[in-house]
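Chemist: Please read through the structure below; I'll follow up with questions.
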Amino acid sequence: MAQTVAPPTATTAVVPAKLPLKAIAPWAVFFGILMLVLLYFVGAEQGATAVVSGENVHEWVHDARHLLGFPCH
């Protein structure tokens, strides 16, 4: 059986598009604030610093607290 090999062709260099910092900054700030809010609810939402009364938030994030090493008992 004869096998044919295609001759190499000239390729152009692929240049990645530059993403300006002005396009990334609002999203980075948004997700940074979102992560801080989530960290608060997982790590500190109980007891004297509670924003939401009751045990609902504590029960929703209970396993995440233990996974991240926050004591809650």
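In the structure tokens, chains take letters A, B, ... by order of appearance, with residues numbered from 1 within each chain and ligands from 1 in the order shown.
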In chain A, what's helix (DSSP H, G or I) per DSSP? Answer as JSON, numbers by chain?
Modeler: {"A": [21, 22, 23, 24, 25, 26, 27, 28, 29, 30, 31, 32, 33, 34, 35, 36, 37, 38, 39, 40, 41, 42, 43, 47, 48, 49, 56, 57, 58, 59, 60, 62, 63, 64, 65, 66, 67, 68]}
Chemist: Considering only C-alpha atoms, return as a short mmCIF file (atom, residue, chain, number, x, y, z; two decimals) with N, CA and C atoms, in the first residue's frame whatever protein or nucleic-acid residues lie within 12 Å of segment 40-57 of chain A, sequence-local ones (same chain, fewer than 6 positions apart) excluded.
Modeler:
```cif
data_model
loop_
_atom_site.label_atom_id
_atom_site.label_comp_id
_atom_site.auth_asym_id
_atom_site.auth_seq_id
_atom_site.Cartn_x
_atom_site.Cartn_y
_atom_site.Cartn_z
N ILE A 33 -15.97 41.76 44.48
CA ILE A 33 -16.98 42.10 45.48
C ILE A 33 -17.90 40.92 45.74
N LEU A 34 -18.28 40.21 44.69
CA LEU A 34 -19.12 39.03 44.84
C LEU A 34 -18.43 37.97 45.70
N ASP A 63 -22.02 23.14 55.20
CA ASP A 63 -20.98 22.25 54.68
C ASP A 63 -19.81 23.03 54.09
N ALA A 64 -20.10 24.15 53.46
CA ALA A 64 -19.02 24.98 52.90
C ALA A 64 -18.15 25.54 54.02
N ARG A 65 -18.75 25.85 55.16
CA ARG A 65 -17.97 26.36 56.29
C ARG A 65 -16.94 25.31 56.73
N HIS A 66 -17.39 24.07 56.86
CA HIS A 66 -16.48 23.01 57.28
C HIS A 66 -15.43 22.73 56.19
N LEU A 67 -15.82 22.74 54.94
CA LEU A 67 -14.90 22.49 53.84
C LEU A 67 -13.80 23.53 53.81
N LEU A 68 -14.11 24.79 54.10
CA LEU A 68 -13.13 25.87 54.07
C LEU A 68 -12.41 26.06 55.40
N GLY A 69 -12.78 25.28 56.41
CA GLY A 69 -12.08 25.32 57.68
C GLY A 69 -12.60 26.34 58.68
N PHE A 70 -13.80 26.86 58.47
CA PHE A 70 -14.39 27.79 59.44
C PHE A 70 -15.10 26.99 60.52
N PRO A 71 -14.81 27.29 61.79
CA PRO A 71 -15.53 26.60 62.86
C PRO A 71 -16.94 27.17 62.98
N CYS A 72 -17.90 26.33 63.30
CA CYS A 72 -19.26 26.84 63.46
C CYS A 72 -20.01 26.14 64.59
N HIS A 73 -19.37 25.27 65.33
CA HIS A 73 -20.05 24.60 66.46
C HIS A 73 -19.33 24.94 67.73
#
```
Chemist: Restricting the calculation to only C-alpha atoms, which member of A:Val61, A:Ala17, A:Val5, A:Ala25 is positioned closest to Leu38 of chain A?
Modeler: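 Result for the nearest residue to Leu38 of chain A: A:Val61.
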Chemist: Just to confirm, what's the straight-line distance from atom CA of Lys18 of chain A to atom CA of Gly32 of chain A in Å (one decimal)?
Modeler: 22.4 Å
